[in-house]
Amino acid sequence: KIMIIGESPSHSEDQERKPFVGESGKLLRAVLTHFGISPENDCYLTNVVKFRPPNSNFEVFYVPSSLSSSGRKSAKSSRSEPSSYLRQSIAELYSEIRRVNPVAIIPLGAEAFRAIIGEHRSLDDWRGSIVSCPITGVLPGCKVIPTYHPTRVLREHTLLPVFTHDIERAIEESKFRGIANLRHNVEVNPTFERVCVYLRSLLERSRTTQIRISYDIETFSDPAEHRIYTRCIGIADSATHAVCIPLIGRGRSSERTEESSPSSSKTEHTTTARRFSYEGLTYSSNSKGYHITLGVDTKLNSYWTYEQELVILSLLDQIFLSHSISKFVQNHPYDSQVLARELGFHIHSVLLDTMVAAHTLFCELPKDLGFLCSMYTRVPCYWNY
Ligand code: URA
């Protein structure tokens, strides 16, 4: 059974004592029916609060900010402290959920999502995510898939495909209990040896066949120097495996190896002033050897020793230049500029920029990585994953 939870009934629904029979209900029911789901037989429709608030304003169910227990006006939202009435309604909703025993719960809108998970989370970030139901006493394997409230979809009709997508996902998820193991293997903080083995294996495979990778970089800027630096480069060679190669980190870089290699330098060096040149394997480093300072005394160094970094950058350079390694990227104009300016990398054989592709297909929808992940993968809110 799919349990669908709205905020509170509209005026007519309040009088009829039936949820989702008004305008937003029509939209919800049409989408469910489109996917062969009977709103009456396959779903259980309810609301966080069973009565319509005055002027349909849900805010009345929160303690006015001037009266909140902290005594201070909340900077974040006036909806910071639920009233005792709302808390009681949520407790009753939990009993209702335990009684219905759903496989999938679809909270419609931020209020319903908040009621289920017990804290405020941005719906734009979390919609379409598959979250384990945190309510005690609910049978294990029940999942929560939040989406927009249909009233908002009626106002912002570009959200309709997103809403439809999320409902379809929830219907698929309602066919089995439990959250499927995504089996992602993302290697973070690999050793120097591991990075070399991985990058060499990509180059080795590409000698006999065309291979595909996707890569992405994380950067930060040094406002004092007006420069942008590459913090790490992540490379995925399949849908389930990736290695994240840090370039800048904290702490001693000489400890990043399984066995300290005899040739590795024991002295810390700062990575940020370099301009890497593969042909000559040289850095044209800043003679000042400056380091990046972020905030008060946060010193960030190269993650690797000087020699290790040269080897890694050289392998990366070969991968980026290789025509036998097709690249999938997100927002390539940005990444390629940073990589070219900071490290002198030139990227060949870019097969697809997912951001450009998404925008070409659906120019009215967002094209950022968070949104694309929510639509094309089952990774929940990817930067929290
Ligand atoms: N109708 C309902 O029953 N709930 C809502 O949240 C909106 C309309």
# chains A, B, ... in the order shown; residues from 1 in each chain; ligands from 1
call {"tool": "residues_around", "arguments": {"residues": "Val49 (chain A)", "least_positions_apart": "5", "cutoff": "8 Å", "atoms": "only C-alpha atoms", "output": "ChimeraX atom specification"}}
result
/A:7-9,86,89-90
call {"tool": "closest_atom_pairs", "arguments": {"of": "chain A", "to": "ligand 1", "cutoff": "10 Å", "atoms": "only C-alpha atoms and all ligand atoms", "output": "CSV"}}
result
residue,atom,partner,partner_atom_place_in_ligand_line,distance
A:Ile4,CA,ligand 1,4 (N),9.5
A:Ile5,CA,ligand 1,6 (O),7.3
A:Gly6,CA,ligand 1,6 (O),3.6
A:Glu7,CA,ligand 1,6 (O),3.7
A:Ser8,CA,ligand 1,4 (N),4.4
A:Pro9,CA,ligand 1,3 (O),3.8
A:Ser10,CA,ligand 1,8 (C),5.2
A:His11,CA,ligand 1,1 (N),8.8
A:Ser12,CA,ligand 1,1 (N),9.0
A:Glu13,CA,ligand 1,3 (O),6.3
A:Asp14,CA,ligand 1,3 (O),8.0
A:Arg17,CA,ligand 1,3 (O),8.9
A:Lys18,CA,ligand 1,3 (O),6.9
A:Pro19,CA,ligand 1,3 (O),3.4
A:Phe20,CA,ligand 1,3 (O),4.0
A:Val21,CA,ligand 1,1 (N),6.7
A:Gly22,CA,ligand 1,1 (N),6.3
A:Glu23,CA,ligand 1,8 (C),7.6
A:Ser24,CA,ligand 1,8 (C),5.7
A:Gly25,CA,ligand 1,1 (N),5.9
A:Lys26,CA,ligand 1,8 (C),9.5
A:Leu28,CA,ligand 1,8 (C),9.6
A:Leu45,CA,ligand 1,3 (O),7.7
A:Thr46,CA,ligand 1,3 (O),6.5
A:Asn47,CA,ligand 1,4 (N),5.6
A:Val48,CA,ligand 1,6 (O),8.1
A:Val49,CA,ligand 1,4 (N),8.7
A:Lys50,CA,ligand 1,3 (O),8.1
A:Phe51,CA,ligand 1,3 (O),9.2
A:Arg52,CA,ligand 1,4 (N),8.8
A:Ser56,CA,ligand 1,7 (C),9.6
A:Phe58,CA,ligand 1,6 (O),9.9
A:Pro107,CA,ligand 1,6 (O),9.5
A:Leu108,CA,ligand 1,6 (O),7.1
A:Gly109,CA,ligand 1,6 (O),8.0
A:Glu111,CA,ligand 1,6 (O),9.1
A:Ala112,CA,ligand 1,6 (O),8.3
A:His149,CA,ligand 1,6 (O),7.1
A:Pro150,CA,ligand 1,7 (C),7.5
A:Thr151,CA,ligand 1,7 (C),6.9
call {"tool": "residues_around", "arguments": {"residues": "Cys381 (chain A)", "least_positions_apart": "2", "cutoff": "9 Å", "atoms": "only C-alpha atoms", "output": "list of chain:residue names"}}
result
A:Asp125, A:Trp126, A:Arg127, A:Gly128, A:Ser129, A:Gly370, A:Phe371, A:Cys373, A:Ser374, A:Val379, A:Trp383, A:Asn384, A:Tyr385
call {"tool": "write_last_selection", "arguments": {"atoms": "N, CA, C and O atoms", "output": "short mmCIF file (atom, residue, chain, number, x, y, z; two decimals), in the first residue's frame"}}
result
data_model
loop_
_atom_site.label_atom_id
_atom_site.label_comp_id
_atom_site.auth_asym_id
_atom_site.auth_seq_id
_atom_site.Cartn_x
_atom_site.Cartn_y
_atom_site.Cartn_z
N ASP A 125 15.96 19.86 -2.25
CA ASP A 125 17.12 18.95 -2.17
C ASP A 125 16.69 17.49 -2.07
O ASP A 125 17.34 16.62 -2.62
N TRP A 126 15.62 17.22 -1.34
CA TRP A 126 15.31 15.83 -0.96
C TRP A 126 14.22 15.17 -1.78
O TRP A 126 14.04 13.95 -1.70
N ARG A 127 13.47 15.92 -2.57
CA ARG A 127 12.37 15.31 -3.30
C ARG A 127 12.91 14.21 -4.23
O ARG A 127 14.02 14.33 -4.76
N GLY A 128 12.15 13.16 -4.35
CA GLY A 128 12.57 12.05 -5.21
C GLY A 128 13.54 11.10 -4.52
O GLY A 128 13.84 10.04 -5.05
N SER A 129 14.05 11.48 -3.34
CA SER A 129 14.97 10.60 -2.61
C SER A 129 14.19 9.47 -1.94
O SER A 129 13.02 9.63 -1.61
N GLY A 370 22.70 18.05 -8.50
CA GLY A 370 21.75 17.55 -7.50
C GLY A 370 20.44 17.16 -8.15
O GLY A 370 19.89 16.07 -7.89
N PHE A 371 19.95 18.03 -9.03
CA PHE A 371 18.68 17.73 -9.69
C PHE A 371 18.82 16.52 -10.61
O PHE A 371 17.97 15.61 -10.60
N CYS A 373 20.92 14.06 -10.46
CA CYS A 373 21.04 12.83 -9.65
C CYS A 373 19.67 12.39 -9.17
O CYS A 373 19.37 11.19 -9.16
N SER A 374 18.85 13.34 -8.75
CA SER A 374 17.53 12.97 -8.22
C SER A 374 16.63 12.38 -9.31
O SER A 374 15.75 11.58 -9.02
N VAL A 379 20.29 7.77 -5.93
CA VAL A 379 21.12 8.28 -4.82
C VAL A 379 20.35 9.39 -4.10
O VAL A 379 19.94 10.36 -4.73
N TRP A 383 24.89 14.90 -2.09
CA TRP A 383 25.99 15.46 -1.30
C TRP A 383 25.88 15.06 0.17
O TRP A 383 26.75 15.32 0.97
N ASN A 384 24.78 14.39 0.54
CA ASN A 384 24.64 13.84 1.89
C ASN A 384 24.92 12.35 1.90
O ASN A 384 24.86 11.72 2.94
N TYR A 385 25.17 11.79 0.75
CA TYR A 385 25.19 10.33 0.59
C TYR A 385 26.46 9.73 1.15
O TYR A 385 27.52 10.25 0.94
#
call {"tool": "residues_around", "arguments": {"residues": "region 354-369 of chain A", "least_positions_apart": "2", "cutoff": "8 Å", "atoms": "only C-alpha atoms", "output": "list in words"}}
result
Thr158, Leu159, Phe328, Val329, Gln330, Asn331, Leu352, Phe371, Leu372 and Cys373 of chain A
call {"tool": "residues_around", "arguments": {"residues": "region 96-104 of chain A", "least_positions_apart": "5", "cutoff": "6 Å", "atoms": "only C-alpha atoms", "output": "VMD selection string"}}
result
chain A and resid 1 to 3 138 142 to 144 174 177
call {"tool": "closest_residue", "arguments": {"among": "A:Glu92, A:Pro82, A:Ile248, A:His346", "to": "Phe220 (chain A)", "atoms": "only C-alpha atoms"}}
result
A:Ile248
call {"tool": "atom_distance", "arguments": {"atom1": "CA of Tyr334 (chain A)", "atom2": "CA of Val195 (chain A)"}}
result
24.3 Å
call {"tool": "atom_distance", "arguments": {"atom1": "CA of Arg121 (chain A)", "atom2": "CA of Ser78 (chain A)"}}
result
15.0 Å
call {"tool": "select_by_dssp", "arguments": {"residues": "region 198-243 of chain A", "states": "alpha helix (DSSP H)", "output": "ChimeraX atom specification"}}
result
/A:198-208
call {"tool": "write_last_selection", "arguments": {"atoms": "N, CA, C and O atoms", "output": "short mmCIF file (atom, residue, chain, number, x, y, z; two decimals), in the first residue's frame"}}
result
data_model
loop_
_atom_site.label_atom_id
_atom_site.label_comp_id
_atom_site.auth_asym_id
_atom_site.auth_seq_id
_atom_site.Cartn_x
_atom_site.Cartn_y
_atom_site.Cartn_z
N TYR A 198 45.19 2.27 -10.10
CA TYR A 198 43.91 2.58 -10.74
C TYR A 198 44.11 3.34 -12.06
O TYR A 198 43.57 2.96 -13.11
N LEU A 199 44.90 4.40 -12.02
CA LEU A 199 45.08 5.21 -13.23
C LEU A 199 45.80 4.41 -14.31
O LEU A 199 45.45 4.48 -15.49
N ARG A 200 46.79 3.60 -13.89
CA ARG A 200 47.50 2.78 -14.90
C ARG A 200 46.57 1.73 -15.49
O ARG A 200 46.67 1.41 -16.68
N SER A 201 45.66 1.22 -14.67
CA SER A 201 44.73 0.19 -15.20
C SER A 201 43.80 0.81 -16.25
O SER A 201 43.47 0.18 -17.26
N LEU A 202 43.42 2.07 -16.05
CA LEU A 202 42.58 2.73 -17.07
C LEU A 202 43.38 2.88 -18.36
O LEU A 202 42.88 2.59 -19.46
N LEU A 203 44.61 3.33 -18.24
CA LEU A 203 45.45 3.51 -19.43
C LEU A 203 45.70 2.18 -20.13
O LEU A 203 45.66 2.08 -21.35
N GLU A 204 45.93 1.15 -19.32
CA GLU A 204 46.21 -0.18 -19.87
C GLU A 204 44.99 -0.68 -20.66
O GLU A 204 45.11 -1.14 -21.80
N ARG A 205 43.81 -0.57 -20.04
CA ARG A 205 42.59 -1.03 -20.73
C ARG A 205 42.36 -0.25 -22.03
O ARG A 205 41.88 -0.79 -23.02
N SER A 206 42.69 1.03 -21.99
CA SER A 206 42.41 1.88 -23.17
C SER A 206 43.36 1.58 -24.34
O SER A 206 43.15 2.07 -25.43
N ARG A 207 44.40 0.79 -24.07
CA ARG A 207 45.31 0.48 -25.17
C ARG A 207 44.68 -0.50 -26.16
O ARG A 207 45.00 -0.51 -27.33
N THR A 208 43.76 -1.33 -25.68
CA THR A 208 43.18 -2.34 -26.57
C THR A 208 41.73 -2.04 -26.93
O THR A 208 41.18 -2.61 -27.86
#
call {"tool": "residues_around", "arguments": {"residues": "Ile312 (chain A)", "least_positions_apart": "6", "cutoff": "12 Å", "atoms": "only C-alpha atoms", "output": "list in words"}}
result
Thr191, Phe192, Glu193, Arg194, Val195, Cys196, Val197, Tyr198, Leu199, Arg200, Cys232, Ile233, Ile245, Pro246, Leu247, Phe276, Tyr278, Leu281, Tyr303, Trp304, Thr305, Tyr306, Gln318, Ile319 and Leu343 of chain A
call {"tool": "closest_residue", "arguments": {"among": "A:Ser238, A:Ile217, A:Glu168, A:Val243", "to": "Val188 (chain A)", "atoms": "only C-alpha atoms"}}
result
A:Val243
call {"tool": "select_by_dssp", "arguments": {"residues": "region 59-122 of chain A", "states": "strand (DSSP E)", "output": "PyMOL selection string"}}
result
chain A and resi 104-107
call {"tool": "write_last_selection", "arguments": {"atoms": "C-alpha atoms", "output": "tab-separated table (two decimals), in the first residue's frame"}}
result
chain	number	residue	atom	x	y	z
A	104	ALA	CA	5.96	3.50	0.66
A	105	ILE	CA	4.96	6.87	2.05
A	106	ILE	CA	4.73	9.92	-0.21
A	107	PRO	CA	4.79	13.13	1.82
call {"tool": "residues_around", "arguments": {"residues": "Arg169 (chain A)", "least_positions_apart": "6", "cutoff": "10 Å", "atoms": "only C-alpha atoms", "output": "PyMOL selection string"}}
result
chain A and resi 128-130+145+163+375+378
